[in-house]
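Dropping my_file.pdb in here (PDB, C-alpha atoms):
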ATOM      1  CA  MET A  14     114.153 169.338 205.998  1.00  0.00           C
ATOM      2  CA  ALA A  15     112.305 169.381 209.328  1.00  0.00           C
ATOM      3  CA  LEU A  16     108.552 168.796 209.314  1.00  0.00           C
ATOM      4  CA  LEU A  17     107.981 171.838 211.551  1.00  0.00           C
ATOM      5  CA  ASP A  18     110.314 174.831 211.851  1.00  0.00           C
ATOM      6  CA  VAL A  19     109.682 177.619 214.377  1.00  0.00           C
ATOM      7  CA  LYS A  20     112.030 180.515 213.671  1.00  0.00           C
ATOM      8  CA  ASN A  21     112.528 183.602 215.848  1.00  0.00           C
ATOM      9  CA  VAL A  22     108.877 183.702 216.884  1.00  0.00           C
ATOM     10  CA  LYS A  23     107.772 186.605 219.043  1.00  0.00           C
ATOM     11  CA  LYS A  24     104.216 187.368 220.165  1.00  0.00           C
ATOM     12  CA  ILE A  25     103.169 190.622 221.797  1.00  0.00           C
ATOM     13  CA  TYR A  26      99.615 191.264 222.963  1.00  0.00           C
ATOM     14  CA  ILE A  27      98.149 194.686 223.625  1.00  0.00           C
ATOM     15  CA  THR A  28      95.893 194.669 226.679  1.00  0.00           C
ATOM     16  CA  ARG A  29      92.335 195.884 226.128  1.00  0.00           C
ATOM     17  CA  PHE A  30      92.456 198.443 228.925  1.00  0.00           C
ATOM     18  CA  GLY A  31      95.465 200.688 229.283  1.00  0.00           C
ATOM     19  CA  GLY A  32      97.141 199.588 226.060  1.00  0.00           C
ATOM     20  CA  ASN A  33      99.984 197.820 227.847  1.00  0.00           C
ATOM     21  CA  GLN A  34     102.145 195.387 225.921  1.00  0.00           C
ATOM     22  CA  VAL A  35     102.514 191.790 227.115  1.00  0.00           C
ATOM     23  CA  GLU A  36     105.296 189.737 225.562  1.00  0.00           C
ATOM     24  CA  ALA A  37     103.956 186.172 225.507  1.00  0.00           C
ATOM     25  CA  LEU A  38     106.764 184.735 223.345  1.00  0.00           C
ATOM     26  CA  ARG A  39     110.261 185.978 222.581  1.00  0.00           C
ATOM     27  CA  ASN A  40     112.744 184.561 220.111  1.00  0.00           C
ATOM     28  CA  VAL A  41     111.374 180.998 220.069  1.00  0.00           C
ATOM     29  CA  ASN A  42     113.370 178.619 217.875  1.00  0.00           C
ATOM     30  CA  PHE A  43     113.056 174.870 217.465  1.00  0.00           C
ATOM     31  CA  SER A  44     112.366 172.190 214.863  1.00  0.00           C
ATOM     32  CA  VAL A  45     110.370 168.957 214.887  1.00  0.00           C
ATOM     33  CA  GLU A  46     111.468 166.134 212.646  1.00  0.00           C
ATOM     34  CA  GLU A  47     109.019 163.816 210.926  1.00  0.00           C
ATOM     35  CA  GLY A  48     108.122 160.913 213.232  1.00  0.00           C
ATOM     36  CA  GLU A  49     109.021 162.683 216.485  1.00  0.00           C
ATOM     37  CA  PHE A  50     106.864 162.749 219.626  1.00  0.00           C
ATOM     38  CA  VAL A  51     107.591 166.073 221.323  1.00  0.00           C
ATOM     39  CA  ALA A  52     106.104 167.413 224.561  1.00  0.00           C
ATOM     40  CA  ILE A  53     106.085 171.104 225.492  1.00  0.00           C
ATOM     41  CA  MET A  54     105.990 171.927 229.194  1.00  0.00           C
ATOM     42  CA  GLY A  55     105.956 175.127 231.246  1.00  0.00           C
ATOM     43  CA  GLU A  56     104.168 176.884 234.047  1.00  0.00           C
ATOM     44  CA  SER A  57     100.852 178.671 233.457  1.00  0.00           C
ATOM     45  CA  GLY A  58     101.599 181.907 231.651  1.00  0.00           C
ATOM     46  CA  SER A  59     104.875 180.639 230.204  1.00  0.00           C
ATOM     47  CA  GLY A  60     103.610 181.012 226.616  1.00  0.00           C
ATOM     48  CA  LYS A  61     103.121 177.385 225.636  1.00  0.00           C
ATOM     49  CA  THR A  62      99.423 177.719 224.722  1.00  0.00           C
ATOM     50  CA  THR A  63     100.172 180.843 222.675  1.00  0.00           C
ATOM     51  CA  LEU A  64     102.894 178.877 220.904  1.00  0.00           C
ATOM     52  CA  LEU A  65     100.506 176.000 220.201  1.00  0.00           C
ATOM     53  CA  ASN A  66      97.928 178.395 218.729  1.00  0.00           C
ATOM     54  CA  ILE A  67     100.555 179.881 216.420  1.00  0.00           C
ATOM     55  CA  MET A  68     101.688 176.427 215.259  1.00  0.00           C
ATOM     56  CA  ALA A  69      98.025 175.541 214.647  1.00  0.00           C
ATOM     57  CA  ALA A  70      97.597 178.669 212.482  1.00  0.00           C
ATOM     58  CA  LEU A  71      94.938 179.878 214.936  1.00  0.00           C
ATOM     59  CA  ASP A  72      97.061 182.926 215.751  1.00  0.00           C
ATOM     60  CA  LYS A  73      99.892 184.789 214.029  1.00  0.00           C
ATOM     61  CA  PRO A  74     103.228 185.792 215.524  1.00  0.00           C
ATOM     62  CA  THR A  75     104.128 189.450 215.909  1.00  0.00           C
ATOM     63  CA  SER A  76     107.405 188.554 214.225  1.00  0.00           C
ATOM     64  CA  GLY A  77     109.163 185.391 213.142  1.00  0.00           C
ATOM     65  CA  ARG A  78     107.818 182.520 211.066  1.00  0.00           C
ATOM     66  CA  VAL A  79     106.500 178.983 211.340  1.00  0.00           C
ATOM     67  CA  PHE A  80     107.058 176.533 208.496  1.00  0.00           C
ATOM     68  CA  LEU A  81     105.185 173.247 208.085  1.00  0.00           C
ATOM     69  CA  LYS A  82     106.946 171.009 205.561  1.00  0.00           C
ATOM     70  CA  GLY A  83     108.590 174.157 204.207  1.00  0.00           C
ATOM     71  CA  HIS A  84     105.255 175.982 203.846  1.00  0.00           C
ATOM     72  CA  ASP A  85     105.186 179.365 205.588  1.00  0.00           C
ATOM     73  CA  LEU A  86     101.987 179.481 207.668  1.00  0.00           C
ATOM     74  CA  SER A  87     101.904 183.275 207.523  1.00  0.00           C
ATOM     75  CA  GLY A  88     101.590 183.004 203.753  1.00  0.00           C
ATOM     76  CA  VAL A  89      98.341 181.040 203.843  1.00  0.00           C
ATOM     77  CA  ARG A  90      95.437 183.321 202.938  1.00  0.00           C
ATOM     78  CA  GLU A  91      92.574 183.724 205.411  1.00  0.00           C
ATOM     79  CA  LYS A  92      90.008 182.098 203.113  1.00  0.00           C
ATOM     80  CA  GLU A  93      92.281 179.053 202.717  1.00  0.00           C
ATOM     81  CA  ILE A  94      93.411 178.609 206.311  1.00  0.00           C
ATOM     82  CA  ALA A  95      90.589 176.270 207.435  1.00  0.00           C
ATOM     83  CA  ALA A  96      91.226 173.928 204.508  1.00  0.00           C
ATOM     84  CA  PHE A  97      94.981 174.089 205.197  1.00  0.00           C
ATOM     85  CA  ARG A  98      94.416 172.981 208.806  1.00  0.00           C
ATOM     86  CA  ARG A  99      92.164 170.086 207.732  1.00  0.00           C
ATOM     87  CA  GLN A 100      94.696 168.881 205.177  1.00  0.00           C
ATOM     88  CA  ASN A 101      97.790 169.129 207.361  1.00  0.00           C
ATOM     89  CA  LEU A 102      96.933 169.182 211.066  1.00  0.00           C
ATOM     90  CA  GLY A 103      95.036 166.948 213.484  1.00  0.00           C
ATOM     91  CA  PHE A 104      93.847 168.318 216.829  1.00  0.00           C
ATOM     92  CA  VAL A 105      93.231 166.630 220.184  1.00  0.00           C
ATOM     93  CA  PHE A 106      91.846 168.887 222.923  1.00  0.00           C
ATOM     94  CA  GLN A 107      91.561 168.554 226.696  1.00  0.00           C
ATOM     95  CA  ASP A 108      87.759 168.901 226.596  1.00  0.00           C
ATOM     96  CA  PHE A 109      87.355 166.619 223.529  1.00  0.00           C
ATOM     97  CA  ASN A 110      85.369 169.207 221.468  1.00  0.00           C
ATOM     98  CA  LEU A 111      82.784 166.631 220.412  1.00  0.00           C
ATOM     99  CA  LEU A 112      79.264 167.663 219.369  1.00  0.00           C
ATOM    100  CA  ASP A 113      76.642 166.021 221.602  1.00  0.00           C
ATOM    101  CA  THR A 114      74.042 166.079 218.821  1.00  0.00           C
ATOM    102  CA  PHE A 115      76.307 164.011 216.548  1.00  0.00           C
ATOM    103  CA  SER A 116      77.070 160.330 216.965  1.00  0.00           C
ATOM    104  CA  ILE A 117      80.668 159.317 217.641  1.00  0.00           C
ATOM    105  CA  GLN A 118      80.960 158.272 213.992  1.00  0.00           C
ATOM    106  CA  ASP A 119      79.633 161.591 212.711  1.00  0.00           C
ATOM    107  CA  ASN A 120      81.979 163.505 215.015  1.00  0.00           C
ATOM    108  CA  ILE A 121      84.915 161.590 213.564  1.00  0.00           C
ATOM    109  CA  PHE A 122      83.662 162.157 210.016  1.00  0.00           C
ATOM    110  CA  LEU A 123      83.265 165.924 210.489  1.00  0.00           C
ATOM    111  CA  PRO A 124      86.618 167.094 209.006  1.00  0.00           C
ATOM    112  CA  LEU A 125      86.071 164.822 205.993  1.00  0.00           C
ATOM    113  CA  VAL A 126      82.511 166.113 205.524  1.00  0.00           C
ATOM    114  CA  LEU A 127      83.850 169.674 205.575  1.00  0.00           C
ATOM    115  CA  ALA A 128      86.434 168.619 202.975  1.00  0.00           C
ATOM    116  CA  GLY A 129      83.646 167.308 200.706  1.00  0.00           C
ATOM    117  CA  LYS A 130      84.580 163.609 200.857  1.00  0.00           C
ATOM    118  CA  GLU A 131      82.162 160.863 199.774  1.00  0.00           C
ATOM    119  CA  TYR A 132      80.540 158.612 202.401  1.00  0.00           C
ATOM    120  CA  GLY A 133      82.195 155.469 201.039  1.00  0.00           C
ATOM    121  CA  GLU A 134      85.640 157.038 201.288  1.00  0.00           C
ATOM    122  CA  MET A 135      84.930 158.189 204.841  1.00  0.00           C
ATOM    123  CA  GLN A 136      83.837 154.693 205.870  1.00  0.00           C
ATOM    124  CA  ALA A 137      86.943 153.150 204.344  1.00  0.00           C
ATOM    125  CA  LYS A 138      89.155 155.563 206.296  1.00  0.00           C
ATOM    126  CA  LEU A 139      87.270 155.063 209.551  1.00  0.00           C
ATOM    127  CA  GLN A 140      87.267 151.271 209.822  1.00  0.00           C
ATOM    128  CA  PRO A 141      91.014 150.655 210.377  1.00  0.00           C
ATOM    129  CA  ILE A 142      91.230 153.603 212.785  1.00  0.00           C
ATOM    130  CA  ALA A 143      88.217 152.395 214.784  1.00  0.00           C
ATOM    131  CA  VAL A 144      89.809 148.962 215.107  1.00  0.00           C
ATOM    132  CA  LYS A 145      93.173 150.426 216.126  1.00  0.00           C
ATOM    133  CA  LEU A 146      91.604 152.664 218.786  1.00  0.00           C
ATOM    134  CA  GLY A 147      89.117 150.064 220.024  1.00  0.00           C
ATOM    135  CA  ILE A 148      86.015 152.176 219.413  1.00  0.00           C
ATOM    136  CA  GLY A 149      84.217 150.092 216.791  1.00  0.00           C
ATOM    137  CA  ALA A 150      81.347 149.295 219.174  1.00  0.00           C
ATOM    138  CA  LEU A 151      80.878 152.969 220.087  1.00  0.00           C
ATOM    139  CA  LEU A 152      80.399 154.512 216.657  1.00  0.00           C
ATOM    140  CA  ASN A 153      76.602 154.764 216.851  1.00  0.00           C
ATOM    141  CA  LYS A 154      76.582 156.098 220.407  1.00  0.00           C
ATOM    142  CA  PHE A 155      76.531 159.783 221.325  1.00  0.00           C
ATOM    143  CA  PRO A 156      79.257 161.538 223.335  1.00  0.00           C
ATOM    144  CA  TYR A 157      77.061 161.793 226.451  1.00  0.00           C
ATOM    145  CA  GLU A 158      76.687 157.993 226.409  1.00  0.00           C
ATOM    146  CA  VAL A 159      80.405 157.168 226.664  1.00  0.00           C
ATOM    147  CA  SER A 160      83.215 157.714 229.180  1.00  0.00           C
ATOM    148  CA  GLY A 161      85.838 160.462 229.100  1.00  0.00           C
ATOM    149  CA  GLY A 162      88.483 158.031 227.897  1.00  0.00           C
ATOM    150  CA  GLN A 163      86.221 156.848 225.085  1.00  0.00           C
ATOM    151  CA  LYS A 164      85.470 160.463 224.098  1.00  0.00           C
ATOM    152  CA  GLN A 165      89.184 161.160 223.884  1.00  0.00           C
ATOM    153  CA  ARG A 166      89.718 158.074 221.712  1.00  0.00           C
ATOM    154  CA  ALA A 167      87.016 159.418 219.402  1.00  0.00           C
ATOM    155  CA  ALA A 168      88.814 162.775 219.358  1.00  0.00           C
ATOM    156  CA  VAL A 169      92.066 161.010 218.445  1.00  0.00           C
ATOM    157  CA  ALA A 170      90.247 159.158 215.650  1.00  0.00           C
ATOM    158  CA  ARG A 171      88.928 162.481 214.330  1.00  0.00           C
ATOM    159  CA  ALA A 172      92.480 163.878 214.404  1.00  0.00           C
ATOM    160  CA  LEU A 173      93.915 160.891 212.528  1.00  0.00           C
ATOM    161  CA  ILE A 174      91.235 160.356 209.892  1.00  0.00           C
ATOM    162  CA  THR A 175      92.542 163.173 207.686  1.00  0.00           C
ATOM    163  CA  GLU A 176      96.022 161.567 207.708  1.00  0.00           C
ATOM    164  CA  PRO A 177      97.623 164.768 209.011  1.00  0.00           C
ATOM    165  CA  LYS A 178     101.292 165.624 208.781  1.00  0.00           C
ATOM    166  CA  LEU A 179     101.230 166.696 212.438  1.00  0.00           C
ATOM    167  CA  VAL A 180      98.953 165.969 215.402  1.00  0.00           C
ATOM    168  CA  LEU A 181      98.733 168.810 217.932  1.00  0.00           C
ATOM    169  CA  ALA A 182      97.496 167.758 221.375  1.00  0.00           C
ATOM    170  CA  ASP A 183      96.551 170.362 223.990  1.00  0.00           C
ATOM    171  CA  GLU A 184      96.533 168.863 227.530  1.00  0.00           C
ATOM    172  CA  PRO A 185      95.003 165.631 226.130  1.00  0.00           C
ATOM    173  CA  THR A 186      94.958 163.865 229.538  1.00  0.00           C
ATOM    174  CA  GLY A 187      93.730 166.883 231.492  1.00  0.00           C
ATOM    175  CA  ALA A 188      90.098 165.742 231.732  1.00  0.00           C
ATOM    176  CA  LEU A 189      90.826 162.019 232.171  1.00  0.00           C
ATOM    177  CA  ASP A 190      91.203 159.801 235.216  1.00  0.00           C
ATOM    178  CA  SER A 191      94.464 157.946 235.824  1.00  0.00           C
ATOM    179  CA  ARG A 192      93.484 154.765 234.001  1.00  0.00           C
ATOM    180  CA  ALA A 193      92.097 156.558 230.944  1.00  0.00           C
ATOM    181  CA  SER A 194      95.201 158.789 230.882  1.00  0.00           C
ATOM    182  CA  ASP A 195      97.500 155.766 230.855  1.00  0.00           C
ATOM    183  CA  GLU A 196      95.505 154.157 228.042  1.00  0.00           C
ATOM    184  CA  LEU A 197      95.617 157.341 225.963  1.00  0.00           C
ATOM    185  CA  LEU A 198      99.352 157.820 226.474  1.00  0.00           C
ATOM    186  CA  HIS A 199     100.108 154.238 225.473  1.00  0.00           C
ATOM    187  CA  LEU A 200      97.916 154.826 222.431  1.00  0.00           C
ATOM    188  CA  PHE A 201      99.866 157.963 221.528  1.00  0.00           C
ATOM    189  CA  SER A 202     103.130 156.046 221.867  1.00  0.00           C
ATOM    190  CA  ARG A 203     101.874 153.304 219.561  1.00  0.00           C
ATOM    191  CA  ILE A 204     100.577 155.787 216.981  1.00  0.00           C
ATOM    192  CA  ASN A 205     103.933 157.568 217.072  1.00  0.00           C
ATOM    193  CA  GLN A 206     105.818 154.293 216.625  1.00  0.00           C
ATOM    194  CA  GLU A 207     103.751 153.753 213.479  1.00  0.00           C
ATOM    195  CA  GLY A 208     105.122 157.012 212.086  1.00  0.00           C
ATOM    196  CA  GLN A 209     102.725 159.766 213.193  1.00  0.00           C
ATOM    197  CA  THR A 210     104.390 163.000 214.323  1.00  0.00           C
ATOM    198  CA  ILE A 211     102.901 164.317 217.582  1.00  0.00           C
ATOM    199  CA  LEU A 212     103.413 167.622 219.380  1.00  0.00           C
ATOM    200  CA  MET A 213     101.782 167.740 222.815  1.00  0.00           C
ATOM    201  CA  VAL A 214     101.391 170.620 225.273  1.00  0.00           C
ATOM    202  CA  THR A 215     100.998 169.307 228.812  1.00  0.00           C
ATOM    203  CA  HIS A 216     101.358 170.097 232.516  1.00  0.00           C
ATOM    204  CA  SER A 217     101.564 166.376 233.274  1.00  0.00           C
ATOM    205  CA  VAL A 218     104.983 164.892 233.990  1.00  0.00           C
ATOM    206  CA  LYS A 219     103.530 161.438 233.345  1.00  0.00           C
ATOM    207  CA  ALA A 220     102.234 162.507 229.921  1.00  0.00           C
ATOM    208  CA  ALA A 221     105.536 164.141 228.992  1.00  0.00           C
ATOM    209  CA  SER A 222     107.461 161.021 230.017  1.00  0.00           C
ATOM    210  CA  HIS A 223     105.899 159.194 227.055  1.00  0.00           C
ATOM    211  CA  ALA A 224     107.441 161.664 224.574  1.00  0.00           C
ATOM    212  CA  ASN A 225     110.841 161.301 222.962  1.00  0.00           C
ATOM    213  CA  ARG A 226     111.825 164.937 223.513  1.00  0.00           C
ATOM    214  CA  ILE A 227     110.602 167.533 225.991  1.00  0.00           C
ATOM    215  CA  LEU A 228     110.870 171.294 225.430  1.00  0.00           C
ATOM    216  CA  PHE A 229     110.578 173.509 228.501  1.00  0.00           C
ATOM    217  CA  ILE A 230     109.132 177.002 228.002  1.00  0.00           C
ATOM    218  CA  LYS A 231     109.950 179.705 230.532  1.00  0.00           C
ATOM    219  CA  ASP A 232     109.158 183.415 230.239  1.00  0.00           C
ATOM    220  CA  GLY A 233     108.252 183.010 226.590  1.00  0.00           C
ATOM    221  CA  GLU A 234     111.417 181.184 225.527  1.00  0.00           C
ATOM    222  CA  VAL A 235     112.556 177.612 224.956  1.00  0.00           C
ATOM    223  CA  TYR A 236     114.679 177.418 228.085  1.00  0.00           C
ATOM    224  CA  HIS A 237     115.788 173.791 228.114  1.00  0.00           C
ATOM    225  CA  GLN A 238     115.131 170.453 226.431  1.00  0.00           C
ATOM    226  CA  LEU A 239     115.481 166.793 227.331  1.00  0.00           C
ATOM    227  CA  TYR A 240     115.951 163.833 224.995  1.00  0.00           C
ATOM    228  CA  ARG A 241     114.761 160.362 225.914  1.00  0.00           C
ATOM    229  CA  GLY A 242     117.772 158.559 224.510  1.00  0.00           C
ATOM    230  CA  ASN A 243     117.762 155.094 226.099  1.00  0.00           C
ATOM    231  CA  MET A 244     115.788 156.156 229.163  1.00  0.00           C
ATOM    232  CA  LYS A 245     112.661 154.263 230.153  1.00  0.00           C
ATOM    233  CA  ASN A 246     109.501 156.167 231.086  1.00  0.00           C
ATOM    234  CA  ASP A 247     110.209 156.124 234.826  1.00  0.00           C
ATOM    235  CA  GLU A 248     113.755 157.409 234.320  1.00  0.00           C
ATOM    236  CA  LEU A 249     112.548 160.180 232.004  1.00  0.00           C
ATOM    237  CA  TYR A 250     109.782 161.002 234.502  1.00  0.00           C
ATOM    238  CA  GLN A 251     112.422 161.656 237.156  1.00  0.00           C
ATOM    239  CA  LYS A 252     114.536 163.763 234.797  1.00  0.00           C
ATOM    240  CA  ILE A 253     111.505 165.882 233.888  1.00  0.00           C
ATOM    241  CA  SER A 254     110.585 166.332 237.562  1.00  0.00           C
ATOM    242  CA  ASP A 255     114.129 167.390 238.415  1.00  0.00           C
ATOM    243  CA  THR A 256     114.207 169.869 235.514  1.00  0.00           C
ATOM    244  CA  LEU A 257     110.869 171.410 236.486  1.00  0.00           C
ATOM    245  CA  ALA A 258     112.110 171.821 240.053  1.00  0.00           C
ATOM    246  CA  ILE A 259     115.150 173.735 238.776  1.00  0.00           C
ATOM    247  CA  LEU A 260     113.090 175.907 236.429  1.00  0.00           C
ATOM    248  CA  THR A 261     110.513 176.841 239.057  1.00  0.00           C
ATOM    249  CA  SER A 262     113.243 177.654 241.592  1.00  0.00           C
ATOM    250  CA  GLY A 263     114.931 179.995 239.137  1.00  0.00           C
ATOM    251  CA  GLY A 264     118.072 177.908 238.748  1.00  0.00           C
ATOM    252  CA  GLU A 265     120.130 177.886 235.575  1.00  0.00           C
ATOM    253  CA  SER A 266     119.348 174.959 233.294  1.00  0.00           C
ATOM    254  CA  ARG A 267     119.764 176.129 229.727  1.00  0.00           C
ATOM    255  CA  ALA A 268     120.715 173.506 227.137  1.00  0.00           C
TER     256      ALA A 268
END

Re-express the file's structure as structure tokens.
Amino acid sequence: MALLDVKNVKKIYITRFGGNQVEALRNVNFSVEEGEFVAIMGESGSGKTTLLNIMAALDKPTSGRVFLKGHDLSGVREKEIAAFRRQNLGFVFQDFNLLDTFSIQDNIFLPLVLAGKEYGEMQAKLQPIAVKLGIGALLNKFPYEVSGGQKQRAAVARALITEPKLVLADEPTGALDSRASDELLHLFSRINQEGQTILMVTHSVKAASHANRILFIKDGEVYHQLYRGNMKNDELYQKISDTLAILTSGGESRA
């Protein structure tokens, strides 16, 4: 059984003025196996952010279903959805989403605090993650005292501390400089190699070239996909670039 199953997902929005219908997603189907590192790419307006929000249980499809470990997300009741996200999903955002009035440590602890965990348990979970991510010396600092790359490492730590089934990353390198982006992507690769499943939405060809599979969204559909196979990052980078060139020119590239 796949970890994540997206089946026949369609999303239609009704515009506020005029009542026009906008089809953001149409007949989206794909699966993510446990331990995969998948990137989703597409032009602005292609539907990839809408898709991410549906997979994160932040939005519901107009039709179709999303299953996480066989659990139908549409069947989770509203009063239980926040707890479901904390127990199953980790989130890494482009703008970090850290609270400036909380220390780095307290930001990382936040999902465990909301889950009612004891301080000793939170500390025990944090220490190995802090060592792995190289942020042990930053835990008592505040977000405004550290760099963008360090903020994103803290955000990754917060995503991992709940031991989620799936990490969802939304443009995680978008607010980082080149060096910090490279460090984060190597970190993602290492975390994935240790068994963590990652699904990343990105505009960045460099970011996508660290994934093992790339899904291309066009006009609300999964239009094409690439598998890493034995390709190195630079070879996959070129394949992704070539595919994007075909998609943006309107050429046929369905797989």

Restrict the calculation to only C-alpha atoms, then for each residue of region 193-267 of chain A with any atom at most 12 Å from an atom of region 37-55 of chain A give the closest atom pair and their distance in Å to one decimal, rows by chain and rising residue number, as CSV.
residue,atom,partner,partner_atom,distance
A:Leu198,CA,A:Phe50,CA,11.3
A:Phe201,CA,A:Phe50,CA,8.7
A:Ser202,CA,A:Phe50,CA,8.0
A:Arg203,CA,A:Phe50,CA,10.7
A:Ile204,CA,A:Phe50,CA,9.7
A:Asn205,CA,A:Phe50,CA,6.5
A:Gln206,CA,A:Gly48,CA,7.8
A:Glu207,CA,A:Gly48,CA,8.4
A:Gly208,CA,A:Gly48,CA,5.1
A:Gln209,CA,A:Gly48,CA,5.5
A:Thr210,CA,A:Gly48,CA,4.4
A:Ile211,CA,A:Phe50,CA,4.7
A:Leu212,CA,A:Val51,CA,4.9
A:Met213,CA,A:Ala52,CA,4.7
A:Val214,CA,A:Ile53,CA,4.7
A:Thr215,CA,A:Met54,CA,5.7
A:His216,CA,A:Met54,CA,6.0
A:Ser217,CA,A:Met54,CA,8.2
A:Val218,CA,A:Met54,CA,8.6
A:Lys219,CA,A:Ala52,CA,10.9
A:Ala220,CA,A:Ala52,CA,8.2
A:Ala221,CA,A:Ala52,CA,5.5
A:Ser222,CA,A:Ala52,CA,8.5
A:His223,CA,A:Phe50,CA,8.3
A:Ala224,CA,A:Phe50,CA,5.1
A:Asn225,CA,A:Phe50,CA,5.4
A:Arg226,CA,A:Val51,CA,4.9
A:Ile227,CA,A:Ala52,CA,4.7
A:Leu228,CA,A:Ile53,CA,4.8
A:Phe229,CA,A:Met54,CA,4.9
A:Ile230,CA,A:Gly55,CA,4.9
A:Lys231,CA,A:Gly55,CA,6.1
A:Asp232,CA,A:Leu38,CA,7.4
A:Gly233,CA,A:Leu38,CA,4.0
A:Glu234,CA,A:Val41,CA,5.5
A:Val235,CA,A:Val41,CA,6.1
A:Tyr236,CA,A:Val41,CA,9.4
A:His237,CA,A:Met54,CA,10.0
A:Gln238,CA,A:Ile53,CA,9.1
A:Leu239,CA,A:Ala52,CA,9.8
A:Tyr240,CA,A:Val51,CA,9.4
A:Arg241,CA,A:Val51,CA,10.3
A:Ile253,CA,A:Met54,CA,9.4
A:Ser254,CA,A:Met54,CA,11.1
A:Thr256,CA,A:Met54,CA,10.6
A:Leu257,CA,A:Gly55,CA,8.1
A:Ala258,CA,A:Gly55,CA,11.2
A:Ile259,CA,A:Gly55,CA,12.0
A:Leu260,CA,A:Gly55,CA,8.9
A:Thr261,CA,A:Gly55,CA,9.2

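Of the listed residues A:Gly187, A:Leu146, A:Val105, A:Asn243, the one whose atoms come nearest to Leu200 (chain A) is A:Leu146, with distances taken using all atoms listed in the file.
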
Specify as number ranges by chain each residue included when the PyMOL selection byres ((chain A and resi 147-163) around 6) is applied to this file.
A: 113, 116-118, 143-146, 164-166, 193

Just C-alpha atoms for this one: save the residues we selected as a CSV table (one decimal), keeping the file's coordinate frame.
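Everything below was put into selection_6.csv:
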chain,number,residue,atom,x,y,z
A,113,ASP,CA,76.6,166.0,221.6
A,116,SER,CA,77.1,160.3,217.0
A,117,ILE,CA,80.7,159.3,217.6
A,118,GLN,CA,81.0,158.3,214.0
A,143,ALA,CA,88.2,152.4,214.8
A,144,VAL,CA,89.8,149.0,215.1
A,145,LYS,CA,93.2,150.4,216.1
A,146,LEU,CA,91.6,152.7,218.8
A,164,LYS,CA,85.5,160.5,224.1
A,165,GLN,CA,89.2,161.2,223.9
A,166,ARG,CA,89.7,158.1,221.7
A,193,ALA,CA,92.1,156.6,230.9

Shell of 9 Å around Leu139 (chain A), all atoms listed in the file, local chain residues under 3 positions omitted, as a compact mmCIF listing (two decimals) with C-alpha atoms, keeping the file's coordinate frame:
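Generated file (out.txt):
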# COMPACT_ATOMS: atom_id res chain seq x y z
CA GLN A 118 80.96 158.27 213.99
CA ILE A 121 84.92 161.59 213.56
CA PHE A 122 83.66 162.16 210.02
CA GLU A 134 85.64 157.04 201.29
CA MET A 135 84.93 158.19 204.84
CA GLN A 136 83.84 154.69 205.87
CA ILE A 142 91.23 153.60 212.78
CA ALA A 143 88.22 152.40 214.78
CA VAL A 144 89.81 148.96 215.11
CA ALA A 170 90.25 159.16 215.65
CA ARG A 171 88.93 162.48 214.33
CA ILE A 174 91.24 160.36 209.89

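Shortest atom-to-atom contact with Lys61 (chain A) among A:Ser76, A:Val180, A:Tyr250, A:Lys24: A:Lys24, counting all atoms listed in the file.
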
So how many Å separate CA of Arg29 (chain A) and CA of Pro74 (chain A), to one decimal?
18.2 Å

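Distances here use all atoms listed in the file; by that measure, the residue among A:Leu197, A:Ala95, A:Ala69, A:Val19 closest to Lys178 (chain A) is A:Ala69.
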
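As for CA of Leu16 (chain A) and CA of Ile67 (chain A), they are spaced 15.4 Å apart.
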
When the PyMOL selection byres ((chain A and resi 26) around 8) is applied to the structure above, which residues does it catch, written out as a PyMOL selection string?
chain A and resi 24-25+27-28+34-37

Next, write the just-selected residues to a file, as a short mmCIF file (atom, residue, chain, number, x, y, z; two decimals), in the frame of the given file, keeping C-alpha atoms as the atom set.
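What landed in selection-v4.cif:
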data_model
loop_
_atom_site.label_atom_id
_atom_site.label_comp_id
_atom_site.auth_asym_id
_atom_site.auth_seq_id
_atom_site.Cartn_x
_atom_site.Cartn_y
_atom_site.Cartn_z
CA LYS A 24 104.22 187.37 220.16
CA ILE A 25 103.17 190.62 221.80
CA ILE A 27 98.15 194.69 223.62
CA THR A 28 95.89 194.67 226.68
CA GLN A 34 102.14 195.39 225.92
CA VAL A 35 102.51 191.79 227.12
CA GLU A 36 105.30 189.74 225.56
CA ALA A 37 103.96 186.17 225.51
#

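Interatomic distance, CA of Val169 (chain A) to CA of Ile94 (chain A): 21.4 Å.
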
With a distance cut-off of 8 Å and only C-alpha atoms, select the neighbouring residues of Thr175 (chain A), excluding the residue or stretch itself and same-chain residues fewer than 3 positions from it, and output the selection as a PyMOL selection string.
chain A and resi 99-101+103+124-125+171-172

Ref. answer, residues at most 9 Å from (108.3, 176.5, 209.1) with only C-alpha atoms, as number ranges by chain
A: 15-20, 44, 78-86

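Residue nearest Thr75 (chain A), chosen from A:Gly88, A:Asn21, A:Leu102, A:Gly58 and counting only C-alpha atoms: A:Asn21.
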
Please reconstruct the missing atoms of region 186-190 of chain A (target: N, CA and C atoms) and return them as a PDB file, in the coordinates of the input.
ATOM      1  N   THR A 186      95.331 164.694 228.384  1.00  0.00           N
ATOM      2  CA  THR A 186      94.958 163.865 229.538  1.00  0.00           C
ATOM      3  C   THR A 186      94.322 164.680 230.654  1.00  0.00           C
ATOM      4  N   GLY A 187      94.164 165.983 230.422  1.00  0.00           N
ATOM      5  CA  GLY A 187      93.730 166.883 231.492  1.00  0.00           C
ATOM      6  C   GLY A 187      92.361 166.580 232.067  1.00  0.00           C
ATOM      7  N   ALA A 188      91.451 166.017 231.264  1.00  0.00           N
ATOM      8  CA  ALA A 188      90.098 165.742 231.732  1.00  0.00           C
ATOM      9  C   ALA A 188      89.860 164.247 231.991  1.00  0.00           C
ATOM     10  N   LEU A 189      90.959 163.471 232.048  1.00  0.00           N
ATOM     11  CA  LEU A 189      90.826 162.019 232.171  1.00  0.00           C
ATOM     12  C   LEU A 189      91.293 161.537 233.539  1.00  0.00           C
ATOM     13  N   ASP A 190      90.713 160.416 233.988  1.00  0.00           N
ATOM     14  CA  ASP A 190      91.203 159.801 235.216  1.00  0.00           C
ATOM     15  C   ASP A 190      92.511 159.068 234.921  1.00  0.00           C
TER      16      ASP A 190
END
